[in-house]
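Visitor: Below is a structure I'd like to ask you about.
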Amino acid sequence: MLVVDFGAQYAQLIARRVREARVYSEIVPSTMPVSEMLARKPKAVILSGGPSSVYAADAPSLDRALLDAGVPVLGLCYGFQLMVRLLGGTVDNTGSREYGRTDLSVTKPDSTLFEGTPREQQVWMSHGDACSAAPEGCMVTAATDLVPVAAFEDDERRLYGVQYHPEVLHTTHGQQLLEHFLYRAAGLTPSWTTSSIVDEQVAAIRAQVGDKRAICGLSGGVDSAVAAALVQRAVGSQLTCVYVDHGLMRKGETEQVEKDFVAATGVRLRVVDASERFLRALEGIADPEDKRKIIGREFIRVFERAQAELVAEAGAAGADVAFLVQGTLYPDVVESGGGTGTANIKSHHNVGGLPEDLEFELVEPLRWLFKDEVRMVGQELGLPEDIVQRQPFPGPGLGIRIVGEVNRERLEVLREADAIAREELTAAGLDREIWQCPVVLLADVRSVGVQGDGRTYGHPVVLRPVSSDDAMTADWSRLPYDVLARISTRITNEVTGVNRVALDVTSKPPGTIEWE
Ligand code: XMP
């Protein structure tokens, strides 16, 4: 099914909730022509909320043809108001805003979307305009104190709308409403399971790669590991994994990939030590976007060389290494502006950072999946827990955790500090509780300290522990003080050059998880 995105931060959440109901969903921008949406043959459509008023001059609109196509449509918030207007109902600019938790009274408890849910329920509202008259032929099914038409349905045309946000957890029966729409109104079945994802992806990879060969950049993280395992299942010996040691890895990471991942999957692995090359390319570079683009470019260059070597080794006979496997995830695609036309926040190294003269065709079997779904696929593929549950680590590695220029000396300092933080978090049993904990070296900042009897003039490191479900939003983790104290004491005692440890207490938004 399709989620039409009207610029809400909720569109991804809607897509996730639909997938939790075991129905495959994709997000499309509201600017996509309706003919293109219908060409995808959606079984159902949800119109998301959005920040605009339907009366604003530049308010995003919708071609009425989508409502006349016979496809079941559910409008939420802004999407609801658009439907009301297009179908001839009335949306008033009431001047009264409803925001946050609101009591909803269900007036038609036997209706398709509300059946089996309480007459009074709590919902999450966020709107200024309100619907005062439902479109002709549509039955009003719920109201609030301020809004006489908070939900409507027309079973004949299979058109539905609710003024509130069923996708957020504060709406107590929201998931049930979405499931009623999917199963009862649209007649879908909950068939999108991890084993169906694996089967579908294996078939798609076989169709794409054919009898050609592929290489996969392995980082040791869960994404590239699952992508590699999927491709291996699909095309087996046609795959060679390349692990690029760009010199920006954490302590012990390269050794771990060489040992554990190969043992778990049996993939053919080639380790390339390219640290010299990356560090040379990063010399004098402090701007985060420049760093990301350079790292992305160098990655591809190293792969291209690995490709040339593979071709040379295989001889002339059919050695056609044409594909590059990447563990790109759906949030990467959306955040890089590739999915929905949203703003470019950062160039993730495996999406926006690709050079234009790329010589590979990309295989991205996780391109439509969220992180938790990738983990489930990894489990389904039989990967060990410590790979599947590994915390995320960005492709550009420690390169984007040194604020300032990157060099060997600074990397060494950060590597030591990071190793201590990881060790202590693991010892405290907090690995599962936190999403990840970047350690950031403020290499261009110095502060005065005192150690022993002497003055020091060193650098601060910042701990950035976050909790999150999918990295799209995050909160800073409230780590126990004694754990923070141990990390701080150990880092300042054991890591030469660091004399201060700071804690980042910013959520995302407004901060991002990584500092660069
Ligand atoms: P931000 O900093 O955008 O990070 O809030 C969200 C999540 O993505 C990871 N991250 C990356 N992963 N390549 C990756 O593979 C990248 O370029 C990249 N940048 C950030 C980050 O660690 C967090 O989990």
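Each chain in the structure tokens gets a letter, A, B and so on, in the order shown; residues start at 1 in every chain, and ligands are counted from 1 in the order they appear.
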Ala185 of chain A: which residues within 9 Å, counting only C-alpha atoms, same-chain residues fewer than 6 positions away excluded, as a list in words?
Guide: Pro72, Thr112, Leu113, Asp155, Arg158, Leu159 and Tyr160 of chain A
Visitor: Hey, what's within 7 Å of Gly497 of chain A if we count only C-alpha atoms and toss same-chain stuff fewer than 2 positions away? As an MDAnalysis selection string, please?
Guide: chainID A and resid 458:459 495 499
Visitor: What's around Gly252 of chain A at 12 Å? Count only C-alpha atoms, leave out sequence neighbours fewer than 2 positions away in its own chain, and write the answer as an mmCIF file with N, CA and C atoms, in the first residue's frame.
Guide:
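To be explicit, this is the file written out as part.cif:
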data_model
loop_
_atom_site.group_PDB
_atom_site.id
_atom_site.type_symbol
_atom_site.label_atom_id
_atom_site.label_comp_id
_atom_site.auth_asym_id
_atom_site.auth_seq_id
_atom_site.Cartn_x
_atom_site.Cartn_y
_atom_site.Cartn_z
ATOM 1 N N GLY A 220 31.069 -4.681 8.742
ATOM 2 C CA GLY A 220 30.983 -5.304 10.057
ATOM 3 C C GLY A 220 29.687 -4.962 10.742
ATOM 4 N N ASP A 245 39.447 -1.482 5.007
ATOM 5 C CA ASP A 245 39.926 -0.868 6.239
ATOM 6 C C ASP A 245 40.363 0.542 5.886
ATOM 7 N N GLY A 247 40.912 2.872 7.870
ATOM 8 C CA GLY A 247 41.683 3.515 8.938
ATOM 9 C C GLY A 247 40.796 4.312 9.878
ATOM 10 N N LEU A 248 39.464 4.267 9.649
ATOM 11 C CA LEU A 248 38.548 5.049 10.474
ATOM 12 C C LEU A 248 37.690 4.125 11.329
ATOM 13 N N MET A 249 38.155 2.866 11.469
ATOM 14 C CA MET A 249 37.415 1.868 12.239
ATOM 15 C C MET A 249 37.714 2.011 13.731
ATOM 16 N N ARG A 250 36.856 1.391 14.520
ATOM 17 C CA ARG A 250 37.100 1.395 15.965
ATOM 18 C C ARG A 250 38.120 0.321 16.321
ATOM 19 N N THR A 254 38.399 -4.466 12.707
ATOM 20 C CA THR A 254 38.828 -5.188 11.509
ATOM 21 C C THR A 254 39.046 -6.662 11.816
ATOM 22 N N GLU A 255 39.713 -6.916 12.920
ATOM 23 C CA GLU A 255 39.990 -8.298 13.309
ATOM 24 C C GLU A 255 38.685 -9.059 13.534
ATOM 25 N N GLN A 256 37.716 -8.354 14.132
ATOM 26 C CA GLN A 256 36.442 -9.014 14.438
ATOM 27 C C GLN A 256 35.697 -9.413 13.158
ATOM 28 N N VAL A 257 35.708 -8.511 12.172
ATOM 29 C CA VAL A 257 35.042 -8.830 10.900
ATOM 30 C C VAL A 257 35.734 -10.016 10.242
ATOM 31 N N GLU A 258 37.046 -9.968 10.238
ATOM 32 C CA GLU A 258 37.797 -11.045 9.583
ATOM 33 C C GLU A 258 37.454 -12.396 10.187
ATOM 34 N N LYS A 259 37.297 -12.404 11.527
ATOM 35 C CA LYS A 259 37.076 -13.669 12.217
ATOM 36 C C LYS A 259 35.594 -14.060 12.269
ATOM 37 N N ASP A 260 34.796 -13.210 12.943
ATOM 38 C CA ASP A 260 33.428 -13.599 13.282
ATOM 39 C C ASP A 260 32.494 -13.687 12.079
ATOM 40 N N ARG A 415 39.995 6.420 19.200
ATOM 41 C CA ARG A 415 39.834 4.960 19.244
ATOM 42 C C ARG A 415 39.941 4.450 20.689
ATOM 43 N N GLU A 416 40.915 4.980 21.418
ATOM 44 C CA GLU A 416 41.094 4.564 22.815
ATOM 45 C C GLU A 416 39.896 4.990 23.668
ATOM 46 N N ASP A 418 36.865 5.688 22.725
ATOM 47 C CA ASP A 418 35.672 4.941 22.302
ATOM 48 C C ASP A 418 35.681 3.520 22.868
ATOM 49 N N ALA A 419 36.866 2.903 22.856
ATOM 50 C CA ALA A 419 36.968 1.522 23.348
ATOM 51 C C ALA A 419 36.600 1.470 24.831
ATOM 52 N N ARG A 422 32.787 1.883 25.219
ATOM 53 C CA ARG A 422 32.068 0.656 24.826
ATOM 54 C C ARG A 422 32.236 -0.442 25.865
#
Visitor: Could you list, as a ChimeraX atom specification, every residue within 12 Å of Lys508 of chain A, counting only C-alpha atoms and ignoring same-chain residues fewer than 3 positions away?
Guide: /A:464-477,504-505,511-515
Visitor: Would you mind exporting all heavy atoms of the selected residues as a compact mmCIF listing (two decimals), in the first residue's frame?
Guide:
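Generated output (part03.txt):
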# COMPACT_ATOMS: atom_id res chain seq x y z
N ARG A 464 27.76 10.56 23.47
CA ARG A 464 26.46 10.84 22.84
C ARG A 464 25.57 9.58 22.90
O ARG A 464 25.25 8.97 21.88
CB ARG A 464 26.73 11.27 21.39
CG ARG A 464 25.53 11.45 20.48
CD ARG A 464 24.70 12.62 20.89
NE ARG A 464 23.68 13.01 19.92
CZ ARG A 464 22.45 13.34 20.27
NH1 ARG A 464 22.08 13.32 21.54
NH2 ARG A 464 21.58 13.73 19.37
N PRO A 465 25.22 9.15 24.12
CA PRO A 465 24.36 7.95 24.21
C PRO A 465 22.93 8.30 23.81
O PRO A 465 22.39 9.28 24.30
CB PRO A 465 24.44 7.57 25.69
CG PRO A 465 24.75 8.84 26.39
CD PRO A 465 25.50 9.73 25.45
N VAL A 466 22.35 7.52 22.91
CA VAL A 466 20.97 7.80 22.51
C VAL A 466 20.11 6.55 22.56
O VAL A 466 20.60 5.43 22.39
CB VAL A 466 20.88 8.40 21.08
CG1 VAL A 466 21.45 9.80 21.02
CG2 VAL A 466 21.53 7.50 20.05
N SER A 467 18.84 6.78 22.78
CA SER A 467 17.88 5.69 22.63
C SER A 467 16.98 6.04 21.44
O SER A 467 16.69 7.21 21.20
CB SER A 467 17.05 5.52 23.90
OG SER A 467 16.49 6.76 24.27
N SER A 468 16.64 5.03 20.69
CA SER A 468 15.87 5.27 19.48
C SER A 468 15.25 3.95 19.01
O SER A 468 15.69 2.87 19.40
CB SER A 468 16.79 5.81 18.40
OG SER A 468 16.11 5.95 17.17
N ASP A 469 14.24 4.06 18.14
CA ASP A 469 13.66 2.86 17.54
C ASP A 469 14.20 2.65 16.14
O ASP A 469 14.28 1.53 15.65
CB ASP A 469 12.14 2.98 17.43
CG ASP A 469 11.48 2.76 18.76
OD1 ASP A 469 12.06 2.02 19.57
OD2 ASP A 469 10.41 3.34 19.00
N ASP A 470 14.53 3.73 15.47
CA ASP A 470 14.88 3.60 14.06
C ASP A 470 15.85 4.68 13.59
O ASP A 470 16.05 4.85 12.39
CB ASP A 470 13.61 3.67 13.22
CG ASP A 470 12.82 4.95 13.50
OD1 ASP A 470 13.37 5.85 14.16
OD2 ASP A 470 11.68 5.05 13.05
N ALA A 471 16.42 5.45 14.51
CA ALA A 471 17.39 6.51 14.21
C ALA A 471 16.76 7.73 13.53
O ALA A 471 17.44 8.72 13.30
CB ALA A 471 18.57 6.01 13.37
N MET A 472 15.48 7.66 13.21
CA MET A 472 14.85 8.84 12.60
C MET A 472 14.63 9.92 13.66
O MET A 472 14.76 11.10 13.40
CB MET A 472 13.49 8.47 11.99
CG MET A 472 13.56 7.48 10.87
SD MET A 472 14.54 8.08 9.51
CE MET A 472 13.59 9.50 9.01
N THR A 473 14.25 9.46 14.84
CA THR A 473 14.18 10.36 15.99
C THR A 473 14.93 9.66 17.11
O THR A 473 15.10 8.43 17.08
CB THR A 473 12.73 10.60 16.45
OG1 THR A 473 12.16 9.33 16.76
CG2 THR A 473 11.89 11.26 15.37
N ALA A 474 15.39 10.41 18.07
CA ALA A 474 16.14 9.80 19.17
C ALA A 474 16.05 10.69 20.40
O ALA A 474 15.80 11.89 20.29
CB ALA A 474 17.60 9.62 18.77
N ASP A 475 16.27 10.08 21.54
CA ASP A 475 16.35 10.87 22.77
C ASP A 475 17.69 10.53 23.39
O ASP A 475 18.26 9.47 23.14
CB ASP A 475 15.21 10.49 23.71
CG ASP A 475 15.02 11.54 24.80
OD1 ASP A 475 15.69 12.60 24.73
OD2 ASP A 475 14.20 11.31 25.70
N TRP A 476 18.23 11.44 24.19
CA TRP A 476 19.50 11.12 24.85
C TRP A 476 19.22 10.14 25.99
O TRP A 476 18.21 10.24 26.67
CB TRP A 476 20.23 12.37 25.31
CG TRP A 476 19.46 13.25 26.27
CD1 TRP A 476 18.48 14.14 25.96
CD2 TRP A 476 19.61 13.31 27.70
NE1 TRP A 476 18.01 14.75 27.08
CE2 TRP A 476 18.69 14.26 28.17
CE3 TRP A 476 20.43 12.66 28.61
CZ2 TRP A 476 18.57 14.58 29.51
CZ3 TRP A 476 20.32 12.97 29.96
CH2 TRP A 476 19.39 13.92 30.39
N SER A 477 20.08 9.18 26.17
CA SER A 477 19.85 8.14 27.17
C SER A 477 20.27 8.64 28.55
O SER A 477 21.33 9.22 28.70
CB SER A 477 20.68 6.91 26.87
OG SER A 477 20.46 6.47 25.57
N ASP A 504 26.37 14.75 25.91
CA ASP A 504 25.44 15.42 24.99
C ASP A 504 24.01 15.09 25.42
O ASP A 504 23.61 13.93 25.42
CB ASP A 504 25.74 14.91 23.57
CG ASP A 504 24.90 15.62 22.51
OD1 ASP A 504 23.89 16.25 22.87
OD2 ASP A 504 25.27 15.52 21.32
N VAL A 505 23.24 16.10 25.77
CA VAL A 505 21.86 15.87 26.23
C VAL A 505 20.85 16.49 25.26
O VAL A 505 19.92 17.17 25.66
CB VAL A 505 21.64 16.39 27.67
CG1 VAL A 505 22.41 15.54 28.66
CG2 VAL A 505 22.04 17.85 27.80
N GLY A 511 19.00 17.89 17.35
CA GLY A 511 20.35 17.40 17.00
C GLY A 511 20.22 16.20 16.08
O GLY A 511 19.14 15.60 15.98
N THR A 512 21.27 15.82 15.40
CA THR A 512 21.29 14.51 14.77
C THR A 512 22.06 13.60 15.73
O THR A 512 22.62 14.09 16.71
CB THR A 512 21.97 14.54 13.38
OG1 THR A 512 23.23 15.18 13.51
CG2 THR A 512 21.11 15.29 12.38
N ILE A 513 22.12 12.31 15.44
CA ILE A 513 22.82 11.41 16.35
C ILE A 513 24.33 11.66 16.24
O ILE A 513 24.99 11.92 17.24
CB ILE A 513 22.47 9.94 16.06
CG1 ILE A 513 20.98 9.70 16.38
CG2 ILE A 513 23.36 9.01 16.88
CD1 ILE A 513 20.47 8.31 16.05
N GLU A 514 24.87 11.57 15.06
CA GLU A 514 26.28 11.88 14.86
C GLU A 514 26.45 13.40 14.88
O GLU A 514 25.52 14.14 14.56
CB GLU A 514 26.76 11.33 13.52
CG GLU A 514 26.54 9.83 13.34
CD GLU A 514 27.46 8.98 14.21
OE1 GLU A 514 28.43 9.52 14.79
OE2 GLU A 514 27.18 7.77 14.34
N TRP A 515 27.68 13.82 15.23
CA TRP A 515 27.90 15.26 15.27
C TRP A 515 28.14 15.84 13.87
O TRP A 515 28.10 17.04 13.69
CB TRP A 515 29.08 15.57 16.20
CG TRP A 515 28.63 15.77 17.63
CD1 TRP A 515 27.75 14.99 18.31
CD2 TRP A 515 29.01 16.83 18.50
NE1 TRP A 515 27.57 15.50 19.57
CE2 TRP A 515 28.34 16.62 19.72
CE3 TRP A 515 29.87 17.91 18.40
CZ2 TRP A 515 28.48 17.47 20.81
CZ3 TRP A 515 30.03 18.76 19.48
CH2 TRP A 515 29.33 18.54 20.68
Visitor: For each of A:Asp372, A:Asp273, A:Glu364, A:Asp63, take the minimum atom-to-atom distance to Met37 of chain A, counting only C-alpha atoms, then give the residue where this is smallest.
Guide: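 Nearest candidate to Met37 of chain A out of A:Asp372, A:Asp273, A:Glu364, A:Asp63: A:Asp63.
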Visitor: Need to verify the contact set: Ala59 of chain A, 10 Å, only C-alpha atoms, exclusion of same-chain residues closer than 6 positions in sequence. Can you return it as a list in words?
Guide: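 Surrounding residues, per the criterion: Phe6, Gly50, Pro51, Ser52, Ser53 and Leu82 of chain A.
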Visitor: Report as a list in words all protein, DNA and RNA residues lying within 12 Å of Leu177 of chain A, evaluated on only C-alpha atoms, omitting residues in the same chain fewer than 6 positions from it.
Guide: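 Contacts, with the query itself left out: Arg17, Val18, Ala21, Leu74, Leu76, Ser111, Thr112, Leu113, Phe114, Glu115, Gly116, Thr117, Pro118, Gln121, Val123, Ala151, Tyr160, Gly161, Val162, Tyr164, His165, Pro166, Glu167, Val168, Thr171, Tyr183, Arg184 and Ala185 of chain A.
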Visitor: Of the candidates A:Glu276, A:Glu304, A:Asp386, A:Glu380, which one gets nearest to Asn407 of chain A if we count only C-alpha atoms?
Guide: A:Glu276
Visitor: By how many Å are atom CA of Pro135 of chain A and atom CA of Thr189 of chain A apart?
Guide: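 Atom-to-atom, atom CA of Pro135 of chain A and atom CA of Thr189 of chain A are spaced 29.3 Å apart.
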Visitor: Tell me which of A:Ile434, A:Leu86, A:Ile46, A:Ala150 sits closest to Val71 of chain A, counting only C-alpha atoms.
Guide: A:Ile46
Visitor: Work out how far atom CA of Glu494 of chain A is from atom CA of Ser447 of chain A, in Å to one decimal.
Guide: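 About the pair atom CA of Ser447 of chain A and atom CA of Glu494 of chain A: they are 17.4 Å apart.
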Visitor: For the structure I just gave you, how does DSSP split segment 280-478 of chain A - specifically, which residues are helix (DSSP H, G or I)? Reply as a ChimeraX atom specification.
Guide: /A:280-282,288-314,330-335,371-380,385-388,397-400,408-427
Visitor: Atom CA of Phe323 of chain A and atom CA of Glu373 of chain A are how many Å apart?
Guide: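 Between these atoms lies a distance of 23.9 Å.
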Visitor: Need to verify the contact set: Tyr243 of chain A, 7 Å, only C-alpha atoms, exclusion of same-chain residues closer than 4 positions in sequence. Can you return it as a PyMOL selection string?
Guide: chain A and resi 217-219+270-272
Visitor: Given the choices A:Leu104, A:Val54, A:Ala133, A:Ile400, which gets closest to ligand 1 if the distance is worked out from only C-alpha atoms and all ligand atoms?
Guide: A:Ile400
Visitor: Can you work out which one of A:Ala312, A:Ala443, A:Val222, A:Val363 has the shortest atom-to-atom distance to ligand 1, counting only C-alpha atoms and all ligand atoms?
Guide: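 For ligand 1, the nearest of the candidates is A:Val222.
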Visitor: Which residue gives the smallest distance to Trp368 of chain A among A:Met83, A:Ala11, A:Ala264, A:Val333, with only C-alpha atoms counted?
Guide: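 Residue with the minimum atom-to-atom distance to Trp368 of chain A: A:Val333.
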